[in-house]
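Enquirer: For reference, this is run.cif, and it has mmCIF, C-alpha atoms.
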data_data
loop_
_atom_site.group_PDB
_atom_site.id
_atom_site.type_symbol
_atom_site.label_atom_id
_atom_site.label_comp_id
_atom_site.auth_asym_id
_atom_site.auth_seq_id
_atom_site.Cartn_x
_atom_site.Cartn_y
_atom_site.Cartn_z
ATOM 1 C CA MET A 1305 21.155 39.909 -15.042
ATOM 2 C CA LYS A 1306 18.930 37.618 -17.090
ATOM 3 C CA LYS A 1307 15.263 37.780 -16.263
ATOM 4 C CA ILE A 1308 13.618 34.707 -14.695
ATOM 5 C CA ILE A 1309 9.849 34.255 -15.095
ATOM 6 C CA LEU A 1310 7.667 32.063 -12.894
ATOM 7 C CA MET A 1311 4.636 30.335 -14.410
ATOM 8 C CA SER A 1312 3.082 26.873 -14.769
ATOM 9 C CA VAL A 1313 2.389 24.984 -18.011
ATOM 10 C CA GLY A 1314 2.106 21.405 -19.343
ATOM 11 C CA LEU A 1315 4.299 18.993 -21.297
ATOM 12 C CA SER A 1316 3.339 20.731 -24.533
ATOM 13 C CA ALA A 1317 6.159 23.131 -23.714
ATOM 14 C CA LEU A 1318 8.502 20.619 -25.327
ATOM 15 C CA LEU A 1319 7.199 21.905 -28.643
ATOM 16 C CA LEU A 1320 7.764 25.578 -27.807
ATOM 17 C CA SER A 1321 10.906 27.650 -28.238
ATOM 18 C CA SER A 1322 10.758 28.802 -24.633
ATOM 19 C CA PRO A 1323 11.229 25.813 -22.326
ATOM 20 C CA VAL A 1324 8.689 25.206 -19.575
ATOM 21 C CA LEU A 1325 8.847 22.696 -16.734
ATOM 22 C CA ALA A 1326 5.745 20.497 -16.463
ATOM 23 C CA LYS A 1327 3.346 20.463 -13.564
ATOM 24 C CA SER A 1328 2.596 17.110 -11.878
ATOM 25 C CA ASN A 1329 -0.212 16.015 -9.591
ATOM 26 C CA HIS A 1330 1.086 14.467 -6.396
ATOM 27 C CA VAL A 1331 -0.869 12.228 -4.054
ATOM 28 C CA SER A 1332 -1.734 13.800 -0.728
ATOM 29 C CA LEU A 1333 -0.445 12.082 2.391
ATOM 30 C CA LYS A 1334 -1.098 12.685 6.087
ATOM 31 C CA VAL A 1335 -0.121 10.166 8.775
ATOM 32 C CA ASN A 1336 -1.403 9.972 12.333
ATOM 33 C CA PRO A 1337 1.233 10.170 15.114
ATOM 34 C CA ILE A 1338 3.300 6.982 15.384
ATOM 35 C CA THR A 1339 4.278 5.683 18.817
ATOM 36 C CA GLY A 1340 6.004 2.589 20.130
ATOM 37 C CA LYS A 1341 4.198 -0.773 20.181
ATOM 38 C CA GLN A 1342 1.618 0.249 17.574
ATOM 39 C CA THR A 1343 0.711 -2.602 15.246
ATOM 40 C CA SER A 1344 -0.763 -0.403 12.527
ATOM 41 C CA VAL A 1345 -0.309 2.982 10.874
ATOM 42 C CA LYS A 1346 -3.290 5.200 10.105
ATOM 43 C CA GLY A 1347 -3.749 8.337 8.055
ATOM 44 C CA LYS A 1348 -5.357 9.948 5.037
ATOM 45 C CA THR A 1349 -4.287 10.146 1.403
ATOM 46 C CA THR A 1350 -5.698 10.377 -2.092
ATOM 47 C CA LYS A 1351 -8.567 7.898 -2.436
ATOM 48 C CA LEU A 1352 -7.574 4.356 -3.450
ATOM 49 C CA ALA A 1353 -3.851 5.186 -3.303
ATOM 50 C CA THR A 1354 -1.410 2.376 -2.460
ATOM 51 C CA ILE A 1355 0.316 2.874 0.900
ATOM 52 C CA LYS A 1356 3.573 1.220 1.955
ATOM 53 C CA VAL A 1357 5.213 1.368 5.385
ATOM 54 C CA LEU A 1358 8.942 0.622 5.419
ATOM 55 C CA HIS A 1359 11.849 0.513 7.859
ATOM 56 C CA ASN A 1360 15.326 0.536 6.313
ATOM 57 C CA LYS A 1361 13.713 -0.419 2.964
ATOM 58 C CA ALA A 1362 12.089 -3.500 4.553
ATOM 59 C CA LEU A 1363 8.356 -3.622 3.791
ATOM 60 C CA LEU A 1364 6.388 -3.805 7.053
ATOM 61 C CA GLY A 1365 2.915 -3.298 5.650
ATOM 62 C CA LYS A 1366 1.024 -2.385 2.513
ATOM 63 C CA GLY A 1367 -2.569 -1.604 1.619
ATOM 64 C CA ILE A 1368 -5.057 0.461 -0.380
ATOM 65 C CA ALA A 1369 -6.752 3.603 0.944
ATOM 66 C CA SER A 1370 -10.540 3.688 1.079
ATOM 67 C CA LYS A 1371 -12.736 5.697 -1.280
ATOM 68 C CA ARG A 1372 -12.646 8.431 1.369
ATOM 69 C CA GLY A 1373 -8.853 8.370 1.392
ATOM 70 C CA THR A 1374 -8.478 6.896 4.881
ATOM 71 C CA PHE A 1375 -6.098 4.014 5.483
ATOM 72 C CA LYS A 1376 -5.001 1.648 8.233
ATOM 73 C CA ILE A 1377 -1.963 -0.460 7.417
ATOM 74 C CA THR A 1378 -1.441 -3.533 9.607
ATOM 75 C CA LEU A 1379 2.269 -4.101 10.274
ATOM 76 C CA LYS A 1380 4.257 -7.331 10.328
ATOM 77 C CA ALA A 1381 5.992 -6.184 13.535
ATOM 78 C CA PRO A 1382 5.057 -3.592 16.194
ATOM 79 C CA ILE A 1383 6.470 -0.073 15.976
ATOM 80 C CA LYS A 1384 9.767 0.378 17.845
ATOM 81 C CA ASN A 1385 10.374 3.489 19.932
ATOM 82 C CA GLY A 1386 12.824 5.872 18.282
ATOM 83 C CA TRP A 1387 12.959 4.000 14.951
ATOM 84 C CA LYS A 1388 12.460 5.847 11.694
ATOM 85 C CA TYR A 1389 9.692 4.695 9.368
ATOM 86 C CA THR A 1390 9.006 5.678 5.765
ATOM 87 C CA ILE A 1391 5.413 6.002 4.583
ATOM 88 C CA GLN A 1392 4.970 6.013 0.809
ATOM 89 C CA ALA A 1393 1.845 6.726 -1.253
ATOM 90 C CA THR A 1394 1.436 5.935 -4.968
ATOM 91 C CA LYS A 1395 -1.465 6.033 -7.401
ATOM 92 C CA LYS A 1396 -1.763 5.726 -11.154
ATOM 93 C CA GLY A 1397 -1.733 9.136 -12.791
ATOM 94 C CA PHE A 1398 -0.162 10.830 -9.745
ATOM 95 C CA ALA A 1399 3.434 11.422 -8.734
ATOM 96 C CA ALA A 1400 4.386 9.392 -5.665
ATOM 97 C CA LYS A 1401 4.902 10.955 -2.246
ATOM 98 C CA LYS A 1402 6.825 9.695 0.755
ATOM 99 C CA TYR A 1403 8.415 10.966 3.948
ATOM 100 C CA THR A 1404 10.064 9.579 7.040
ATOM 101 C CA VAL A 1405 8.880 9.952 10.645
ATOM 102 C CA THR A 1406 10.366 8.814 13.935
ATOM 103 C CA ALA A 1407 8.268 6.754 16.354
ATOM 104 C CA LEU A 1408 7.663 8.582 19.614
ATOM 105 C CA TYR A 1409 7.726 7.163 23.125
ATOM 106 C CA ALA A 1410 4.129 6.710 24.287
ATOM 107 C CA SER A 1411 3.294 7.516 27.911
ATOM 108 C CA THR A 1412 0.807 5.327 29.779
ATOM 109 C CA LYS A 1413 0.666 7.301 33.044
ATOM 110 C CA ALA A 1414 -2.301 9.546 33.648
ATOM 111 C CA ASP A 1415 -0.194 12.286 35.288
ATOM 112 C CA LYS A 1416 1.819 12.586 32.059
ATOM 113 C CA ALA A 1417 -1.204 12.738 29.794
ATOM 114 C CA HIS A 1418 -0.768 16.384 28.870
ATOM 115 C CA TYR A 1419 2.829 15.770 27.800
ATOM 116 C CA GLN A 1420 1.739 12.968 25.514
ATOM 117 C CA ASP A 1421 -0.983 15.180 24.046
ATOM 118 C CA GLU A 1422 1.577 17.901 23.383
ATOM 119 C CA ILE A 1423 3.917 15.375 21.741
ATOM 120 C CA HIS A 1424 1.121 14.151 19.494
ATOM 121 C CA ASP A 1425 0.163 17.718 18.579
ATOM 122 C CA LEU A 1426 3.769 18.561 17.746
ATOM 123 C CA GLN A 1427 4.221 15.444 15.648
ATOM 124 C CA ASN A 1428 1.019 16.239 13.766
ATOM 125 C CA MET A 1429 2.418 19.703 13.144
ATOM 126 C CA ILE A 1430 5.744 18.255 11.933
ATOM 127 C CA VAL A 1431 3.986 15.828 9.580
ATOM 128 C CA SER A 1432 1.801 18.641 8.244
ATOM 129 C CA LEU A 1433 4.808 20.918 7.723
ATOM 130 C CA GLN A 1434 6.737 18.119 6.005
ATOM 131 C CA SER A 1435 3.802 17.625 3.648
ATOM 132 C CA GLN A 1436 3.561 21.361 2.950
ATOM 133 C CA LEU A 1437 7.319 21.581 2.388
ATOM 134 C CA ASN A 1438 7.214 18.687 -0.088
ATOM 135 C CA ASP A 1439 4.313 20.340 -1.934
ATOM 136 C CA LEU A 1440 6.170 23.651 -2.139
ATOM 137 C CA LYS A 1441 9.319 21.924 -3.414
ATOM 138 C CA ASN A 1442 7.264 20.137 -6.067
ATOM 139 C CA LYS A 1443 5.577 23.369 -7.135
ATOM 140 C CA GLN A 1444 8.889 25.199 -7.194
ATOM 141 C CA SER A 1445 10.579 22.554 -9.342
ATOM 142 C CA THR A 1446 7.630 22.196 -11.721
ATOM 143 C CA THR A 1447 6.794 25.871 -12.313
ATOM 144 C CA THR A 1448 10.203 27.459 -12.982
ATOM 145 C CA VAL A 1449 10.664 28.875 -16.478
ATOM 146 C CA VAL A 1450 13.998 30.250 -17.674
ATOM 147 C CA ASN A 1451 14.935 32.179 -20.790
ATOM 148 C CA SER A 1452 15.844 30.581 -24.098
ATOM 149 C CA ASP A 1453 19.517 30.354 -23.133
ATOM 150 C CA ASN A 1454 18.507 27.459 -20.847
ATOM 151 C CA ALA A 1455 16.172 25.726 -23.327
ATOM 152 C CA GLN A 1456 18.279 22.553 -23.436
ATOM 153 C CA ILE A 1457 18.316 22.217 -19.626
ATOM 154 C CA ALA A 1458 14.571 22.755 -19.337
ATOM 155 C CA ASN A 1459 13.757 20.334 -22.152
ATOM 156 C CA THR A 1460 16.036 17.729 -20.564
ATOM 157 C CA TRP A 1461 14.109 18.152 -17.293
ATOM 158 C CA LEU A 1462 10.818 17.760 -19.162
ATOM 159 C CA ALA A 1463 12.049 14.605 -20.876
ATOM 160 C CA TYR A 1464 12.897 13.098 -17.479
ATOM 161 C CA GLU A 1465 9.492 14.180 -16.134
ATOM 162 C CA LYS A 1466 7.721 12.416 -18.992
ATOM 163 C CA GLN A 1467 9.715 9.221 -18.368
ATOM 164 C CA ILE A 1468 9.062 9.439 -14.623
ATOM 165 C CA ASN A 1469 5.304 9.788 -15.131
ATOM 166 C CA ALA A 1470 5.298 6.827 -17.534
ATOM 167 C CA LEU A 1471 7.261 4.686 -15.051
ATOM 168 C CA ASN A 1472 4.925 5.716 -12.235
ATOM 169 C CA ASP A 1473 1.949 4.535 -14.307
ATOM 170 C CA GLN A 1474 3.662 1.183 -14.972
ATOM 171 C CA ILE A 1475 4.559 0.748 -11.293
ATOM 172 C CA SER A 1476 1.000 1.557 -10.214
ATOM 173 C CA SER A 1477 -0.388 -0.908 -12.762
ATOM 174 C CA ILE A 1478 1.897 -3.686 -11.497
ATOM 175 C CA ASN A 1479 1.071 -2.885 -7.867
ATOM 176 C CA ASN A 1480 -2.633 -3.076 -8.695
ATOM 177 C CA GLN A 1481 -2.141 -6.531 -10.241
ATOM 178 C CA LEU A 1482 -0.156 -7.683 -7.212
ATOM 179 C CA GLU A 1483 -2.788 -6.273 -4.849
ATOM 180 C CA ASP A 1484 -5.849 -7.521 -6.703
ATOM 181 C CA GLN A 1485 -4.661 -10.960 -7.792
ATOM 182 C CA LEU A 1486 -1.559 -12.114 -5.967
ATOM 183 C CA ASP A 1487 -1.817 -11.047 -2.311
ATOM 184 C CA ALA A 1488 1.320 -8.902 -2.352
ATOM 185 C CA ASP A 1489 0.601 -7.704 1.190
ATOM 186 C CA ASN A 1490 1.198 -11.202 2.544
ATOM 187 C CA GLY A 1491 4.336 -12.180 0.625
ATOM 188 C CA GLY A 1492 2.734 -13.597 -2.502
ATOM 189 C CA PRO A 1493 -0.032 -16.084 -3.371
ATOM 190 C CA LEU A 1494 1.506 -19.203 -1.806
ATOM 191 C CA LYS A 1495 2.538 -17.606 1.491
ATOM 192 C CA ALA A 1496 -0.827 -15.882 1.694
ATOM 193 C CA ALA A 1497 -2.640 -19.159 1.062
ATOM 194 C CA GLU A 1498 -0.519 -20.992 3.660
ATOM 195 C CA ALA A 1499 -1.199 -18.235 6.190
ATOM 196 C CA ASN A 1500 -4.907 -18.405 5.373
ATOM 197 C CA VAL A 1501 -4.975 -22.180 5.845
ATOM 198 C CA ASN A 1502 -3.184 -21.863 9.193
ATOM 199 C CA PHE A 1503 -5.652 -19.162 10.248
ATOM 200 C CA TYR A 1504 -8.586 -21.293 9.070
ATOM 201 C CA ARG A 1505 -7.375 -24.319 11.034
ATOM 202 C CA THR A 1506 -6.712 -22.412 14.267
ATOM 203 C CA HIS A 1507 -9.935 -20.386 14.351
ATOM 204 C CA THR A 1508 -13.653 -20.921 14.174
ATOM 205 C CA SER A 1509 -16.451 -18.458 13.566
ATOM 206 C CA ASP A 1510 -17.769 -19.244 17.064
ATOM 207 C CA SER A 1511 -14.442 -18.410 18.746
ATOM 208 C CA ILE A 1512 -14.106 -15.129 16.808
ATOM 209 C CA ASN A 1513 -17.708 -14.149 17.584
ATOM 210 C CA LYS A 1514 -16.989 -14.760 21.269
ATOM 211 C CA GLU A 1515 -14.000 -12.397 21.083
ATOM 212 C CA ILE A 1516 -16.233 -9.813 19.403
ATOM 213 C CA SER A 1517 -18.798 -10.136 22.172
ATOM 214 C CA ASP A 1518 -16.131 -9.882 24.900
ATOM 215 C CA SER A 1519 -14.645 -6.789 23.247
ATOM 216 C CA GLN A 1520 -18.044 -5.134 23.074
ATOM 217 C CA ASN A 1521 -18.509 -5.785 26.811
ATOM 218 C CA ARG A 1522 -15.060 -4.326 27.579
ATOM 219 C CA ILE A 1523 -15.890 -1.244 25.509
ATOM 220 C CA SER A 1524 -19.134 -0.726 27.432
ATOM 221 C CA GLU A 1525 -17.336 -1.003 30.795
ATOM 222 C CA ALA A 1526 -14.514 1.325 29.716
ATOM 223 C CA GLN A 1527 -16.976 3.844 28.279
ATOM 224 C CA GLU A 1528 -18.873 3.880 31.567
ATOM 225 C CA LYS A 1529 -15.639 4.639 33.476
ATOM 226 C CA VAL A 1530 -14.710 7.444 31.097
ATOM 227 C CA ASN A 1531 -18.202 8.931 31.359
ATOM 228 C CA LYS A 1532 -17.829 9.034 35.136
ATOM 229 C CA ASN A 1533 -14.338 10.536 34.969
ATOM 230 C CA PRO A 1534 -13.555 12.268 31.625
ATOM 231 C CA ASP A 1535 -10.042 13.091 32.908
ATOM 232 C CA ASP A 1536 -9.140 9.404 33.289
ATOM 233 C CA TYR A 1537 -6.405 9.255 30.640
ATOM 234 C CA GLN A 1538 -5.709 5.561 31.240
ATOM 235 C CA GLY A 1539 -9.399 4.826 30.853
ATOM 236 C CA GLN A 1540 -9.455 6.711 27.550
ATOM 237 C CA GLN A 1541 -6.481 4.719 26.320
ATOM 238 C CA ASP A 1542 -8.155 1.460 27.361
ATOM 239 C CA LEU A 1543 -11.333 2.472 25.552
ATOM 240 C CA GLU A 1544 -9.438 3.180 22.306
ATOM 241 C CA MET A 1545 -7.502 -0.083 22.653
ATOM 242 C CA PHE A 1546 -10.712 -2.099 23.132
ATOM 243 C CA LYS A 1547 -12.252 -0.388 20.085
ATOM 244 C CA ASP A 1548 -9.202 -1.325 18.022
ATOM 245 C CA ASP A 1549 -9.478 -4.896 19.320
ATOM 246 C CA LEU A 1550 -13.126 -5.025 18.264
ATOM 247 C CA ALA A 1551 -12.276 -3.773 14.769
ATOM 248 C CA ASP A 1552 -9.516 -6.388 14.494
ATOM 249 C CA TYR A 1553 -11.835 -9.234 15.538
ATOM 250 C CA GLN A 1554 -14.510 -8.035 13.129
ATOM 251 C CA ASN A 1555 -11.906 -8.075 10.353
ATOM 252 C CA GLN A 1556 -10.860 -11.557 11.458
ATOM 253 C CA LEU A 1557 -14.434 -12.767 11.079
ATOM 254 C CA LYS A 1558 -14.631 -11.314 7.558
ATOM 255 C CA ARG A 1559 -11.320 -12.945 6.731
ATOM 256 C CA TYR A 1560 -12.427 -16.317 8.123
ATOM 257 C CA ASP A 1561 -15.660 -16.241 6.118
ATOM 258 C CA GLN A 1562 -13.770 -15.314 2.930
ATOM 259 C CA ILE A 1563 -11.159 -18.054 3.402
ATOM 260 C CA SER A 1564 -13.832 -20.613 4.187
ATOM 261 C CA SER A 1565 -15.719 -19.644 1.024
ATOM 262 C CA ASN A 1566 -12.575 -19.866 -1.152
ATOM 263 C CA ILE A 1567 -11.601 -23.261 0.263
ATOM 264 C CA ASN A 1568 -15.106 -24.577 -0.358
ATOM 265 C CA ILE A 1569 -14.992 -23.286 -3.937
ATOM 266 C CA SER A 1570 -11.633 -25.059 -4.467
ATOM 267 C CA GLY A 1571 -13.054 -28.264 -3.046
ATOM 268 C CA ASN A 1572 -10.589 -28.709 -0.192
ATOM 269 C CA VAL A 1573 -7.455 -27.261 1.413
ATOM 270 C CA ASP A 1574 -5.037 -29.136 -0.895
ATOM 271 C CA ASN A 1575 -6.693 -27.802 -4.037
ATOM 272 C CA TYR A 1576 -6.742 -24.318 -2.521
ATOM 273 C CA LEU A 1577 -2.959 -24.461 -1.935
ATOM 274 C CA ASN A 1578 -2.265 -25.926 -5.386
ATOM 275 C CA ASN A 1579 -4.189 -23.070 -7.007
ATOM 276 C CA ALA A 1580 -1.958 -20.621 -5.126
ATOM 277 C CA LYS A 1581 1.224 -22.425 -6.218
ATOM 278 C CA SER A 1582 0.259 -21.974 -9.865
ATOM 279 C CA LYS A 1583 0.391 -18.190 -9.401
ATOM 280 C CA VAL A 1584 3.856 -17.993 -7.818
ATOM 281 C CA ASP A 1585 5.792 -17.603 -11.090
ATOM 282 C CA GLU A 1586 3.535 -14.745 -12.161
ATOM 283 C CA TYR A 1587 3.973 -13.089 -8.759
ATOM 284 C CA ASN A 1588 7.781 -13.379 -8.859
ATOM 285 C CA LYS A 1589 7.899 -11.977 -12.386
ATOM 286 C CA LEU A 1590 5.727 -8.983 -11.511
ATOM 287 C CA ASN A 1591 7.641 -8.386 -8.293
ATOM 288 C CA ALA A 1592 10.978 -8.343 -10.123
ATOM 289 C CA GLU A 1593 9.551 -6.030 -12.765
ATOM 290 C CA GLU A 1594 8.216 -3.656 -10.094
ATOM 291 C CA GLU A 1595 11.610 -3.561 -8.344
ATOM 292 C CA ASN A 1596 13.408 -2.878 -11.630
ATOM 293 C CA LEU A 1597 11.008 -0.056 -12.532
ATOM 294 C CA SER A 1598 11.293 1.437 -9.032
ATOM 295 C CA ASN A 1599 15.076 1.524 -9.374
ATOM 296 C CA GLN A 1600 14.727 3.265 -12.741
ATOM 297 C CA PHE A 1601 12.234 5.675 -11.157
ATOM 298 C CA ASP A 1602 14.708 6.596 -8.390
ATOM 299 C CA GLU A 1603 17.572 7.050 -10.875
ATOM 300 C CA LEU A 1604 15.487 9.342 -13.091
ATOM 301 C CA GLN A 1605 14.435 11.450 -10.110
ATOM 302 C CA GLN A 1606 18.102 11.855 -9.142
ATOM 303 C CA LYS A 1607 19.028 12.870 -12.704
ATOM 304 C CA GLN A 1608 16.101 15.288 -12.803
ATOM 305 C CA ALA A 1609 17.167 16.867 -9.510
ATOM 306 C CA ALA A 1610 20.706 17.257 -10.889
ATOM 307 C CA VAL A 1611 19.278 19.123 -13.895
ATOM 308 C CA LEU A 1612 17.440 21.534 -11.603
ATOM 309 C CA ASN A 1613 20.582 22.084 -9.561
ATOM 310 C CA SER A 1614 22.430 23.052 -12.737
ATOM 311 C CA LEU A 1615 20.094 26.015 -13.357
ATOM 312 C CA PRO A 1616 21.790 29.376 -12.813
#
Written as C-alpha cells, that's how I'd like the structure from this file.
Expert:
Amino acid sequence: MKKIILMSVGLSALLLSSPVLAKSNHVSLKVNPITGKQTSVKGKTTKLATIKVLHNKALLGKGIASKRGTFKITLKAPIKNGWKYTIQATKKGFAAKKYTVTALYASTKADKAHYQDEIHDLQNMIVSLQSQLNDLKNKQSTTTVVNSDNAQIANTWLAYEKQINALNDQISSINNQLEDQLDADNGGPLKAAEANVNFYRTHTSDSINKEISDSQNRISEAQEKVNKNPDDYQGQQDLEMFKDDLADYQNQLKRYDQISSNINISGNVDNYLNNAKSKVDEYNKLNAEEENLSNQFDELQQKQAAVLNSLP
C-alpha cells in the first residue's frame, strides 16, 4: 500500500516534485438563531466581510460586517417559518463560506418559554457544528499530500485553487465597488435614490424623533415589568422587540439626515435622481461581471472537488 503523508504547505508546491495542496484562509461565520417573522439576520464573521442572505438564490439582504465582525442584515421580506435560508460571507483575500439553515417556529407563550430556549440552544449548536464541519472539510482538502505517482492530480488541484483565489479577489473587489458606490443593497443607484426620495418625502426628523422617544418610553416600561418579574418571558420578548424598534428608528434618523444632506448637495430632488441615473450603466456592468465571475467560481469549485474525489 502506498504511503500517504499529511502536512500543510503553500502554493509554492507547484514548483516541487512532490505535489502539495495549498492552504486557504476562510472567513469565519456564525449566525444567530433564525425564527419566523424576523426582519433581519444577525451574527458574527470576519471583520468587514460582505454578508448575503438568500432564499432559493434570491437575494433578501446584503451588508458589511463591522470592524468587530458583528453584522445585522435587514431583509426585504420577513423570515418564513420552515423556509431554508443561505447565509454567505466573502472577503478579499479569504475563501468564501456559506451554509443553509432552516427558520424555526418561534413561540410567544410564556408557558412554552423553556422549549423555545432549548430550540435556540440546539440551533446554535447545529450552526456551530456546521461551521466546524466546514472548517474540517477545508483543512482536510487543503492539507492532503500524496506520493509522486499522484503529482498530476495534486498540481491540477493547486491550479484550480489558484484560479479560485484570484476569482474570489475579483468578486470581492466588484462587491466593494457595488457596496461603496452604487448601493447594491437596494437594487442599484436609481432604485436606491428613488427609495431614498420616497423615504425623504414621507418622513420628517420630528416624526422620527417622536418614534425614538416613544420607543425609549416603551423600553423603560417593559424593563420595569421584567425587573419585577424576571420569569416573564413575554415581557422579555417585548423588551427585546422595543430595543430593536429603537435601533431601527435611530438608523432611520441617520438615513434621513444623510439623504437630506445629499439632496441639498445636489441642489434638489430632480438633480439627485439624475445623478443616480448616470450610474446605472456602471452598476449593470459590474453586476453582470460579478454574476459571471461567481458562475466561474462555482464551476471551478466543482472541478476541484472532482479532482479530490479522484484521489485513491
Enquirer: Applied to this file, what does the PyMOL selection byres ((chain A and resi 1590) around 10) return in terms of residues, put as a list in words?
Expert: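 Against this file, the PyMOL selection byres ((chain A and resi 1590) around 10) returns the residues Ile1475, Ile1478, Asn1479, Gln1481, Leu1482, Leu1486, Val1584, Asp1585, Glu1586, Tyr1587, Asn1588, Lys1589, Asn1591, Ala1592, Glu1593, Glu1594, Glu1595 and Asn1596 of chain A.
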Enquirer: Using all atoms listed in the file, determine which residues lie at most 12 Å from A:Leu1550, disregarding the query and same-chain residues fewer than 2 positions distant; provide the list as a list in words.
Expert: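 That gives Ile1512, Asn1513, Lys1514, Glu1515, Ile1516, Ser1517, Asp1518, Ser1519, Gln1520, Asn1521, Arg1522, Ile1523, Ser1524, Leu1543, Glu1544, Met1545, Phe1546, Lys1547, Asp1548, Asp1552, Tyr1553, Gln1554, Asn1555, Gln1556 and Leu1557 of chain A.
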Enquirer: Taking C-alpha atoms for each residue, export the selection above as a short mmCIF file (atom, residue, chain, number, x, y, z; two decimals), keeping the file's coordinate frame.
Expert:
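Saved file part14.cif follows:
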data_model
loop_
_atom_site.label_atom_id
_atom_site.label_comp_id
_atom_site.auth_asym_id
_atom_site.auth_seq_id
_atom_site.Cartn_x
_atom_site.Cartn_y
_atom_site.Cartn_z
CA ILE A 1512 -14.11 -15.13 16.81
CA ASN A 1513 -17.71 -14.15 17.58
CA LYS A 1514 -16.99 -14.76 21.27
CA GLU A 1515 -14.00 -12.40 21.08
CA ILE A 1516 -16.23 -9.81 19.40
CA SER A 1517 -18.80 -10.14 22.17
CA ASP A 1518 -16.13 -9.88 24.90
CA SER A 1519 -14.64 -6.79 23.25
CA GLN A 1520 -18.04 -5.13 23.07
CA ASN A 1521 -18.51 -5.78 26.81
CA ARG A 1522 -15.06 -4.33 27.58
CA ILE A 1523 -15.89 -1.24 25.51
CA SER A 1524 -19.13 -0.73 27.43
CA LEU A 1543 -11.33 2.47 25.55
CA GLU A 1544 -9.44 3.18 22.31
CA MET A 1545 -7.50 -0.08 22.65
CA PHE A 1546 -10.71 -2.10 23.13
CA LYS A 1547 -12.25 -0.39 20.08
CA ASP A 1548 -9.20 -1.32 18.02
CA ASP A 1552 -9.52 -6.39 14.49
CA TYR A 1553 -11.84 -9.23 15.54
CA GLN A 1554 -14.51 -8.04 13.13
CA ASN A 1555 -11.91 -8.07 10.35
CA GLN A 1556 -10.86 -11.56 11.46
CA LEU A 1557 -14.43 -12.77 11.08
#
Enquirer: How far is it from atom CA of A:Arg1559 to atom CA of A:Val1573, in Å with one decimal?
Expert: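 A separation of 15.8 Å between them.
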Enquirer: Using all atoms listed in the file, which protein or nucleic acid residues come within 9 Å of A:Leu1363? Drop anything in the same chain fewer than 5 positions from it, and give the result as a PDB file with C-alpha atoms, keeping the file's coordinate frame.
Expert:
ATOM      1  CA  LYS A1356       3.573   1.220   1.955  1.00  0.00           C
ATOM      2  CA  VAL A1357       5.213   1.368   5.385  1.00  0.00           C
ATOM      3  CA  LEU A1358       8.942   0.622   5.419  1.00  0.00           C
ATOM      4  CA  LEU A1379       2.269  -4.101  10.274  1.00  0.00           C
ATOM      5  CA  LYS A1380       4.257  -7.331  10.328  1.00  0.00           C
TER       6      LYS A1380
END
Enquirer: Could you put an axis-aligned box around every listed atom of stretch 1491-1508 of chain A, padded by 8 Å on each side, and send me its centre and edge lengths in Å to one decimal, as AutoDock Vina command-line options?
Expert:
--center_x -4.7 --center_y -18.2 --center_z 5.5 --size_x 34.0 --size_y 28.1 --size_z 33.7
Enquirer: Quote the spacing between atom CA of A:Asn1329 and atom CA of A:Leu1364 in Å to one decimal place.
Expert: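 Here the two named atoms are 26.7 Å from each other.
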Enquirer: What do you get, as an mmCIF file with C-alpha atoms, keeping the file's coordinate frame, if you spell out every residue that the PyMOL selection byres ((chain A and resi 1335) around 7) selects here?
Expert:
data_model
loop_
_atom_site.group_PDB
_atom_site.id
_atom_site.type_symbol
_atom_site.label_atom_id
_atom_site.label_comp_id
_atom_site.auth_asym_id
_atom_site.auth_seq_id
_atom_site.Cartn_x
_atom_site.Cartn_y
_atom_site.Cartn_z
ATOM 1 C CA LEU A 1333 -0.445 12.082 2.391
ATOM 2 C CA LYS A 1334 -1.098 12.685 6.087
ATOM 3 C CA ASN A 1336 -1.403 9.972 12.333
ATOM 4 C CA PRO A 1337 1.233 10.170 15.114
ATOM 5 C CA LYS A 1346 -3.290 5.200 10.105
ATOM 6 C CA GLY A 1347 -3.749 8.337 8.055
ATOM 7 C CA LYS A 1348 -5.357 9.948 5.037
#
Enquirer: Please evaluate the PyMOL selection byres ((chain A and resi 1384) around 9) against the structure above and give the resulting residues as a ChimeraX atom specification.
Expert: /A:1339-1342,1381-1383,1385-1388,1407-1409
Enquirer: What would the file look like if the residues just selected were written as a short mmCIF file (atom, residue, chain, number, x, y, z; two decimals), in the coordinates of the input with C-alpha atoms?
Expert:
data_model
loop_
_atom_site.label_atom_id
_atom_site.label_comp_id
_atom_site.auth_asym_id
_atom_site.auth_seq_id
_atom_site.Cartn_x
_atom_site.Cartn_y
_atom_site.Cartn_z
CA THR A 1339 4.28 5.68 18.82
CA GLY A 1340 6.00 2.59 20.13
CA LYS A 1341 4.20 -0.77 20.18
CA GLN A 1342 1.62 0.25 17.57
CA ALA A 1381 5.99 -6.18 13.54
CA PRO A 1382 5.06 -3.59 16.19
CA ILE A 1383 6.47 -0.07 15.98
CA ASN A 1385 10.37 3.49 19.93
CA GLY A 1386 12.82 5.87 18.28
CA TRP A 1387 12.96 4.00 14.95
CA LYS A 1388 12.46 5.85 11.69
CA ALA A 1407 8.27 6.75 16.35
CA LEU A 1408 7.66 8.58 19.61
CA TYR A 1409 7.73 7.16 23.12
#
Enquirer: Separation of atom CA of A:Lys1395 and atom CA of A:Ser1476, in Å?
Expert: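 Taking atom CA of A:Lys1395 and atom CA of A:Ser1476, their separation equals 5.8 Å.
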Enquirer: From the options A:Gln1562, A:Thr1350, A:Gln1392, A:Thr1404, which residue's atoms come nearest to A:Ile1338, counting all atoms listed in the file?
Expert: A:Thr1404
